[in-house]
Amino acid sequence: MPKNLKTITFLLASLRGGGAERVILTIAKGLSDKGYKVDIVLVKAEGEYLEQVHQNIHLVDLKSNRAIFCIPKLIKYFRQENPAVVFSSLPHVSLATLIAHTLAISKSHVFLIEHNTLSLSVKNSNTAKGKMLPLFMKLFYPISSGIIAVSEGVASDLVSILKISRERIQVIYNPVVTNSILELSMEPSKHPWLGNNQPPVVLGVGRLTYAKNFQLLIRSFAKVRDTLAARLIILGDGPDRPELEHLVETLNLSENVSMPGFVENPYAYYRNASVFVLSSRWEGLPTVLIEALACGTHVISTDCPSGPREILEHGRWGTLVQCPNESKLAHAISDVLVTSMPPVGQDFLNRFSLEQSVSKYQSIIERVKN
């Protein structure tokens with residue numbers, strides 16, 4: 001049990017229903033369970049995961065609409081709380097954190113967690129702010145105590161784009177495999193399509209955004225329906241919902257595609273689906289892919305940068321498909337629906353376990369806090 005109860009802080013924009021937010025909640029609780037005093041500081045306290053913050057974790061709401069506007073409140077937080085170690089997620093939040101840390105003349109150690117492939121995020125950004133992000137990151141990221149990348153692909157991309165020394169970046173896989181999700185996966189699914197004697201179900205999970213490319217999944221599913229009776233469920237919400245719903249109608253799939261939005265227990269969906277498909281244009285380390293494997297689901301993924309190839313060990317644990325290719329993805333889905341694949345081994349699951357991840361975060365904390 002740690003002797004020093006100085007605060008360990010996690011900084012996020014919000015607790016909306018995304019993979020990065022769920023990961024941080026899991027790590028924060030894991031450290032709290034080991035006796036650390038943990039704060040979660042949010043630019044704005046909103047989102048589906050708010051109710052999942054553990055009672056032993058202190059939630060701080062900066063009540064700002066944008067990260068840049070919360071810098072004065074962050075300065076005050078640094079001076080009043082003097083956290084031993086700060087972990088900041090997502091570049092715009094990390095930049096605000098580093099500015100506030102500098103202006104507060106804080107002695108806290110700030111580590112930046114990178115969840116995504118920066119080069120592709122910037123390339124596909126529609127805003128000037130997004131395009132200029134690497135410039136600001138090059139200026140301010142060297143101030144940090146270090147950077148944590150969620151995959152080797154993310155780390156390599158950061159080195160290439162920001163010209164950061166690889167020695168300053170530590171790869172820590174997300175803590176995806178927990179006893180909790182395995183238990184939740186055994187609960188009955190509330191969706192009528194996942195009952196007995198139903199056609200096979202193809203499952204997609206994620207924020208409905210351009211990066212996740214659910215358009216590809218829907219179009220590929222339409223090709224599957226030409227030869228097989230199947231259904232598609234997509235869990236999640238986001239700005240692309242109207243476009244995706246229109247696509248479903250255009251392809252005459254309304255009776256065979258369900259988009260129930262955010263659900264509290266996606267793990268029961270994984271367990272009962274016939275196949276999980278990741279259709280993303282890019283990723284960092286796709287948590288949903290690991291969750292599906294942990295729940296015993298067959299998986300197919302686009303071979304996008306970065307994460308799927310690393311997770312699936314070049315196709316050992318699932319099917320990798322050229323990105324984007326509707327026909328090849330449809331063919332892969334059809335193949336999995338009529339065949340079977342071997343389950344992942346315990347060694348695979350251990351790579352993404354809560355114990356493994358929290359242990360590495362604890363090592364960082366103990367190395368710098370004293």
# chains A, B, ... in the order shown; residues from 1 in each chain; ligands from 1
>>> residues_around(residues="stretch 214-216 of chain A", least_positions_apart="4", cutoff="9 Å", atoms="only C-alpha atoms", output="list in words")
Gly204, Gly206, Leu208, Thr209, Tyr210, Ser220, Phe221, Ile234, Asp240, Glu243, Leu244, Leu247, Leu278, Ser279, Ser280, Pro324, Asn325, Glu326 and Leu329 of chain A
>>> residues_around(residues="A:Pro188", least_positions_apart="5", cutoff="9 Å", atoms="only C-alpha atoms", output="list of chain:residue names")
A:Gly195, A:Ala268, A:Tyr269, A:Asn272
>>> select_by_dssp(residues="stretch 266-339 of chain A", states="strand (DSSP E)", output="number ranges by chain")
A: 275-278, 299-302, 319-321
>>> write_last_selection(atoms="C-alpha atoms", output="PDB file, in the first residue's frame")
ATOM      1  CA  VAL A 275     -18.974 -11.670 -35.247  1.00  0.00           C
ATOM      2  CA  PHE A 276     -17.611  -8.278 -34.223  1.00  0.00           C
ATOM      3  CA  VAL A 277     -16.384  -5.947 -36.982  1.00  0.00           C
ATOM      4  CA  LEU A 278     -14.097  -2.935 -36.612  1.00  0.00           C
ATOM      5  CA  VAL A 299     -13.449 -10.553 -34.883  1.00  0.00           C
ATOM      6  CA  ILE A 300     -12.760  -8.892 -38.222  1.00  0.00           C
ATOM      7  CA  SER A 301     -10.935  -5.585 -38.541  1.00  0.00           C
ATOM      8  CA  THR A 302      -9.758  -3.219 -41.207  1.00  0.00           C
ATOM      9  CA  THR A 319      -9.226 -11.449 -39.830  1.00  0.00           C
ATOM     10  CA  LEU A 320      -7.510  -8.323 -41.168  1.00  0.00           C
ATOM     11  CA  VAL A 321      -9.055  -6.694 -44.237  1.00  0.00           C
TER      12      VAL A 321
END
>>> atom_distance(atom1="atom CA of A:Ser334", atom2="atom CA of A:Asn256")
15.7 Å
>>> residues_around(residues="stretch 93-110 of chain A", least_positions_apart="4", cutoff="8 Å", atoms="only C-alpha atoms", output="PyMOL selection string")
chain A and resi 11-13+67-68+70-72+74-76+78-79+82-89+136-137+140-141+143-146+368-369
>>> residues_around(residues="stretch 338-348 of chain A", least_positions_apart="5", cutoff="7 Å", atoms="only C-alpha atoms", output="list in words")
Leu293, Gly296, His298 and Trp317 of chain A
>>> write_last_selection(atoms="N, CA and C atoms", output="short mmCIF file (atom, residue, chain, number, x, y, z; two decimals), in the first residue's frame")
data_model
loop_
_atom_site.label_atom_id
_atom_site.label_comp_id
_atom_site.auth_asym_id
_atom_site.auth_seq_id
_atom_site.Cartn_x
_atom_site.Cartn_y
_atom_site.Cartn_z
N LEU A 293 -12.68 -9.83 -28.29
CA LEU A 293 -11.87 -11.04 -28.16
C LEU A 293 -11.97 -11.63 -26.76
N GLY A 296 -14.96 -13.66 -26.15
CA GLY A 296 -15.06 -14.88 -26.92
C GLY A 296 -15.69 -14.73 -28.29
N HIS A 298 -15.73 -13.86 -32.37
CA HIS A 298 -14.90 -13.82 -33.56
C HIS A 298 -14.80 -12.37 -34.03
N TRP A 317 -5.28 -13.84 -34.44
CA TRP A 317 -6.47 -13.91 -33.59
C TRP A 317 -7.73 -13.36 -34.25
#
